[in-house]
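Participant: Shown below is the structure under consideration.
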Amino acid sequence: MFPDGEGIAIGEPSTRTGVVISSALTDRVLSLRRPLARDTIAQVPNVRLNLASSPRNVLLVRQVLAGLAQPLKLDRIGLGDLVTSVSEACNNIALHAYAGGEGPMEVELSASARELCVVVRDHGRGMSAPPVGPRQRNPIGLYLIETLANRVDYLDVPGGGTELRLSFATAGIHRESAHGRDPLELCATSDGDPAQATRIAIVPCKFAQSVLPRVFAVLATNADFSIDRVSDTQVLVDALLPGVERSRTAHPLEVNVRLASRSLELRIGPLRAGAGDALLRDSTAGELRAVIERLTNGSHAISPAGPFEVLTLQLAGR
């Protein structure tokens with residue numbers, strides 16, 4: 001992810017930052033590069049993102065992280081450290097991992113007792129672990145990550161690429177195990193590039209309710225929605241999610257989104273029979289009625305899916 005020869009020397013003042021990078025600090029947070037162990041791959045994260053390594057998707061990652069602040073009880077400083085570190089890692093994948101092109105970028109977040117572990121992975125040319133010691137050169141972006149995270153690990157991905165594993169100590173986090181629980185899965189595709197999908201899996205539900213309204217704000221922006229319609233989309237998703245969670249079946253819940261110019265098609269299912277009408281009826285009560293009428297123009301459908309059903313909403317960006 002980080003190209004060779006870029007950066008500043010450890011132990012020397014930086015002309016860009018005016019600070020001295022401490023080799024002792026680097027010794028504290030870095031571990032040696034090593035192959036990726038099988039048990040590392042097998043861990044089930046609370047949030048998993050599979051994205052193309054485009055700069056646009058770095059913004060989406062940032063919004064997912066911001067959405068986790070409330071359920072994980074992150075203060076402003078902790079959230080800032082998390083967003084800055086992960087954004088820097090993703091930016092470097094977008095810029096360097098695929099020689100100027102795009103390729104897969106994966107981000108995973110796992111909450112455990114008093115720690116948040118974030119994995120950022122590419123399958124490109126990879127990144128060399130920085131040398132440790134006085135007067136060794138170290139990329140400025142990597143220095144930021146090392147400074148803000150409590151621990152940084154570099155691992156080789158089978159077949160090529162790098163996994164960067166970051167650990168952040170956080171107060172007040174209770175373990176949110178994803179084992180044995182079906183995630184909410186979102187898949188977003190674009191008419192302009194149908195082969196390039198954005199996939200997000202989230203568990204438990206309270207994480208999805210905090211994250212997905214922000215994700216939809218980014219998707220609506222990418223679909224050229226007006227500013228007020230972006231806000232309306234975020235309000236609508238926030239209102240629908242509690243009812244969607246109550247209406248889900250024993251099968252994994254999927255949210256499929258198709259982006260077109262000034263349009264989002266939203267398909268939610270499988271839901272219990274009769275749940276689609278109930279969701280719309282409950283959501284159109286009170287002040288939300290005007291929001292839904294503006295966005296959908298009355299365009300929605302409920303289709304059978306075996307014993308269940310799928311709710312489809314067509315959102316207009318103008």
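Every chain in the structure tokens takes a letter, A first, then B, and so on in the order presented; its residues are numbered from 1, and the ligands are numbered from 1 following the presented order.
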Quick one: residues within 10 Å of A:Gly103, only C-alpha atoms, excluding same-chain residues fewer than 4 positions away - as a ChimeraX atom specification?
Facilitator: /A:51-54,93-94,97-99,122-124,196
Participant: Would you write out those residues with N, CA and C atoms, as a compact mmCIF listing (two decimals), in the first residue's frame?
Facilitator:
```
# COMPACT_ATOMS: atom_id res chain seq x y z
N LEU A 51 -15.15 -3.77 -0.95
CA LEU A 51 -15.30 -2.59 -1.79
C LEU A 51 -14.26 -2.58 -2.88
N ALA A 52 -14.51 -1.78 -3.90
CA ALA A 52 -13.46 -1.44 -4.85
C ALA A 52 -12.58 -0.37 -4.22
N SER A 53 -11.30 -0.39 -4.58
CA SER A 53 -10.33 0.51 -3.94
C SER A 53 -10.35 1.89 -4.61
N SER A 54 -11.52 2.52 -4.65
CA SER A 54 -11.63 3.85 -5.24
C SER A 54 -11.65 4.90 -4.13
N ILE A 93 -4.25 2.07 -0.09
CA ILE A 93 -4.66 1.00 -0.99
C ILE A 93 -5.14 1.61 -2.31
N ALA A 94 -6.00 2.64 -2.21
CA ALA A 94 -6.54 3.26 -3.42
C ALA A 94 -5.44 3.84 -4.30
N ALA A 97 -1.88 0.20 -4.11
CA ALA A 97 -1.90 -1.27 -4.08
C ALA A 97 -2.05 -1.88 -5.46
N TYR A 98 -2.72 -1.18 -6.39
CA TYR A 98 -3.02 -1.77 -7.69
C TYR A 98 -2.44 -0.95 -8.84
N ALA A 99 -1.30 -0.34 -8.60
CA ALA A 99 -0.54 0.36 -9.65
C ALA A 99 -1.41 1.36 -10.41
N ASP A 122 -5.68 -5.70 1.29
CA ASP A 122 -5.68 -5.61 -0.17
C ASP A 122 -5.14 -6.91 -0.75
N HIS A 123 -5.35 -7.09 -2.03
CA HIS A 123 -4.83 -8.26 -2.74
C HIS A 123 -3.97 -7.81 -3.91
N GLY A 124 -3.28 -6.69 -3.71
CA GLY A 124 -2.44 -6.11 -4.76
C GLY A 124 -0.98 -6.41 -4.53
N GLN A 196 -19.19 -4.12 -10.44
CA GLN A 196 -18.48 -3.63 -9.25
C GLN A 196 -19.49 -3.41 -8.12
```
Participant: Using only C-alpha atoms, which protein or nucleic acid residues come within 12 Å of A:Thr233? Drop anything in the same chain fewer than 3 positions from it, and give the result as a PyMOL selection string.
Facilitator: chain A and resi 212-221+223+225-230+236-240+263-266+288+291-296+313-318
Participant: Once you have the residues from the selection above, write them out as a compact mmCIF listing (two decimals), in the first residue's frame, restricted to C-alpha atoms.
Facilitator:
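The new file again.txt reads:
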```txt
# COMPACT_ATOMS: atom_id res chain seq x y z
CA LEU A 212 -26.82 2.14 7.46
CA PRO A 213 -28.45 5.62 7.44
CA ARG A 214 -24.96 7.07 6.92
CA VAL A 215 -24.19 4.49 4.22
CA PHE A 216 -27.37 5.40 2.35
CA ALA A 217 -26.48 9.09 2.53
CA VAL A 218 -23.24 8.25 0.67
CA LEU A 219 -25.07 6.05 -1.86
CA ALA A 220 -27.64 8.79 -2.51
CA THR A 221 -24.83 11.31 -3.00
CA ALA A 223 -26.46 8.72 -7.35
CA PHE A 225 -29.41 13.11 -5.29
CA SER A 226 -30.05 16.70 -4.31
CA ILE A 227 -28.93 17.72 -0.83
CA ASP A 228 -32.47 17.66 0.58
CA ARG A 229 -33.15 14.23 -0.96
CA VAL A 230 -29.92 12.87 0.54
CA LEU A 236 -36.28 7.18 5.69
CA VAL A 237 -33.72 4.41 6.27
CA ASP A 238 -33.42 5.38 9.93
CA ALA A 239 -37.21 5.09 10.29
CA LEU A 240 -37.51 1.78 8.42
CA SER A 263 -32.42 7.02 -8.56
CA LEU A 264 -32.03 4.30 -5.94
CA GLU A 265 -33.94 1.03 -6.08
CA LEU A 266 -34.12 -0.50 -2.61
CA LEU A 288 -42.54 10.82 7.81
CA VAL A 291 -40.66 12.35 3.36
CA ILE A 292 -41.73 9.02 1.87
CA GLU A 293 -44.11 10.66 -0.59
CA ARG A 294 -41.32 12.96 -1.82
CA LEU A 295 -38.81 10.14 -2.23
CA THR A 296 -40.97 7.38 -3.68
CA LEU A 313 -38.94 1.06 -2.93
CA GLN A 314 -37.95 3.31 -5.82
CA LEU A 315 -36.34 6.50 -4.49
CA ALA A 316 -36.11 9.55 -6.73
CA GLY A 317 -33.21 11.98 -6.35
CA ARG A 318 -35.04 15.06 -7.66
```
Participant: Of the candidates A:Leu259, A:Leu82, A:Asn50, A:Val44, which shows the shortest atom-to-atom distance to A:Asp191, using only C-alpha atoms?
Facilitator: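 Checking each of A:Leu259, A:Leu82, A:Asn50, A:Val44 against A:Asp191, counting only C-alpha atoms, the winner is A:Leu259.
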Participant: Please measure the separation of atom CA of A:Asn57 and atom CA of A:Arg199, giving the value in Å to one decimal.
Facilitator: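 Atom CA of A:Asn57 sits 11.3 Å away from atom CA of A:Arg199.
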Participant: One decimal, in Å: what's the spacing between atom CA of A:Asp182 and atom CA of A:Ala301?
Facilitator: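 About the pair atom CA of A:Asp182 and atom CA of A:Ala301: they are 25.3 Å apart.
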Participant: With a distance cut-off of 10 Å and only C-alpha atoms, select the neighbouring residues of A:Gly243, excluding the residue or stretch itself and same-chain residues fewer than 3 positions from it, and output the selection as a PyMOL selection string.
Facilitator: chain A and resi 238-240+246-248+275-276+278-280+282-283
Participant: Rounded to one decimal in Å, what is the spacing between atom CA of A:Asp277 and atom CA of A:Val244?
Facilitator: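 Answer for the atom CA of A:Asp277 to atom CA of A:Val244 separation: 11.5 Å.
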Participant: List the neighbours of A:Cys90 out to 8 Å using only C-alpha atoms; skip same-chain residues closer than 6 positions along the sequence, and give me the result as an MDAnalysis selection string.
Facilitator: chainID A and resid 53 58 105 120
Participant: Give me a file of those residues, with N, CA and C atoms, as an mmCIF file, in the first residue's frame.
Facilitator:
```cif
data_model
loop_
_atom_site.group_PDB
_atom_site.id
_atom_site.type_symbol
_atom_site.label_atom_id
_atom_site.label_comp_id
_atom_site.auth_asym_id
_atom_site.auth_seq_id
_atom_site.Cartn_x
_atom_site.Cartn_y
_atom_site.Cartn_z
ATOM 1 N N SER A 53 -11.301 -0.391 -4.577
ATOM 2 C CA SER A 53 -10.335 0.514 -3.942
ATOM 3 C C SER A 53 -10.353 1.892 -4.608
ATOM 4 N N VAL A 58 -13.518 5.370 0.073
ATOM 5 C CA VAL A 58 -12.888 5.749 1.339
ATOM 6 C C VAL A 58 -13.867 6.583 2.161
ATOM 7 N N MET A 105 -10.772 -4.124 -1.922
ATOM 8 C CA MET A 105 -10.350 -3.580 -0.639
ATOM 9 C C MET A 105 -11.322 -4.110 0.408
ATOM 10 N N VAL A 120 -7.585 -4.023 7.589
ATOM 11 C CA VAL A 120 -7.661 -3.429 6.256
ATOM 12 C C VAL A 120 -6.786 -4.289 5.347
#
```
Participant: For A:Ile200, find every residue with an atom within 7 Å (counting only C-alpha atoms), except residues of its own chain fewer than 6 positions away, and show them as a PyMOL selection string.
Facilitator: chain A and resi 48-50+185-187
Participant: How would the residues just picked look written out with N, CA, C and O atoms as a PDB file, in the first residue's frame?
Facilitator:
```
ATOM      1  N   ARG A  48     -18.234  -6.027   8.141  1.00  0.00           N
ATOM      2  CA  ARG A  48     -17.341  -6.454   7.057  1.00  0.00           C
ATOM      3  C   ARG A  48     -17.711  -5.697   5.786  1.00  0.00           C
ATOM      4  O   ARG A  48     -18.878  -5.686   5.379  1.00  0.00           O
ATOM      5  N   LEU A  49     -16.725  -5.053   5.169  1.00  0.00           N
ATOM      6  CA  LEU A  49     -16.933  -4.320   3.933  1.00  0.00           C
ATOM      7  C   LEU A  49     -16.061  -4.901   2.832  1.00  0.00           C
ATOM      8  O   LEU A  49     -14.854  -5.100   3.044  1.00  0.00           O
ATOM      9  N   ASN A  50     -16.647  -5.161   1.680  1.00  0.00           N
ATOM     10  CA  ASN A  50     -15.926  -5.566   0.480  1.00  0.00           C
ATOM     11  C   ASN A  50     -16.197  -4.506  -0.580  1.00  0.00           C
ATOM     12  O   ASN A  50     -17.336  -4.356  -1.042  1.00  0.00           O
ATOM     13  N   GLU A 185     -27.144  -7.949   5.512  1.00  0.00           N
ATOM     14  CA  GLU A 185     -26.206  -7.861   4.395  1.00  0.00           C
ATOM     15  C   GLU A 185     -26.715  -6.873   3.358  1.00  0.00           C
ATOM     16  O   GLU A 185     -27.845  -6.985   2.887  1.00  0.00           O
ATOM     17  N   LEU A 186     -25.890  -5.905   3.021  1.00  0.00           N
ATOM     18  CA  LEU A 186     -26.217  -4.918   2.003  1.00  0.00           C
ATOM     19  C   LEU A 186     -25.342  -5.147   0.785  1.00  0.00           C
ATOM     20  O   LEU A 186     -24.135  -5.358   0.905  1.00  0.00           O
ATOM     21  N   CYS A 187     -25.958  -5.099  -0.399  1.00  0.00           N
ATOM     22  CA  CYS A 187     -25.216  -5.179  -1.658  1.00  0.00           C
ATOM     23  C   CYS A 187     -25.684  -4.042  -2.543  1.00  0.00           C
ATOM     24  O   CYS A 187     -26.878  -3.942  -2.852  1.00  0.00           O
TER      25      CYS A 187
END
```
Participant: As an MDAnalysis selection string, please: every residue in stretch 165-294 of chain A that DSSP puts in helix (DSSP H, G or I).
Facilitator: chainID A and resid 205:222 227:247 275:283 288:294
Participant: My list of candidates is A:Ile302, A:Val255, A:Leu74, A:Ala250. Which is closest to A:Ala208 when distances are computed with only C-alpha atoms?
Facilitator: A:Val255
Participant: Report the closest atom pair, with its distance in Å rounded to one decimal, for each residue of stretch 58-88 of chain A that has an atom no farther than 9 Å from stretch 152-173 of chain A; count only C-alpha atoms, sort by chain and then rising residue number, and write it as JSON lines.
Facilitator:
```
{"residue": "A:Pro71", "atom": "CA", "partner": "A:Ile173", "partner_atom": "CA", "distance": 8.5}
{"residue": "A:Leu72", "atom": "CA", "partner": "A:Ile173", "partner_atom": "CA", "distance": 5.6}
{"residue": "A:Lys73", "atom": "CA", "partner": "A:Gly172", "partner_atom": "CA", "distance": 6.4}
{"residue": "A:Leu74", "atom": "CA", "partner": "A:Thr170", "partner_atom": "CA", "distance": 6.9}
{"residue": "A:Asp75", "atom": "CA", "partner": "A:Thr170", "partner_atom": "CA", "distance": 8.9}
{"residue": "A:Gly78", "atom": "CA", "partner": "A:Thr170", "partner_atom": "CA", "distance": 7.2}
{"residue": "A:Asp81", "atom": "CA", "partner": "A:Phe168", "partner_atom": "CA", "distance": 8.6}
{"residue": "A:Leu82", "atom": "CA", "partner": "A:Phe168", "partner_atom": "CA", "distance": 7.5}
{"residue": "A:Ser85", "atom": "CA", "partner": "A:Leu166", "partner_atom": "CA", "distance": 8.4}
{"residue": "A:Val86", "atom": "CA", "partner": "A:Leu166", "partner_atom": "CA", "distance": 8.4}
```
Participant: Convert the current residue selection to file output with C-alpha atoms, as a compact mmCIF listing (two decimals), in the first residue's frame.
Facilitator:
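Listed below is the output, out-v2.txt:
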```
# COMPACT_ATOMS: atom_id res chain seq x y z
CA PRO A 71 -22.96 1.82 19.89
CA LEU A 72 -19.27 1.46 20.77
CA LYS A 73 -19.30 4.49 23.10
CA LEU A 74 -16.37 6.15 21.37
CA ASP A 75 -15.53 9.67 22.49
CA GLY A 78 -11.18 7.91 20.06
CA ASP A 81 -7.98 8.33 15.94
CA LEU A 82 -9.98 5.46 14.46
CA SER A 85 -5.92 5.65 10.91
CA VAL A 86 -8.32 3.54 8.85
```
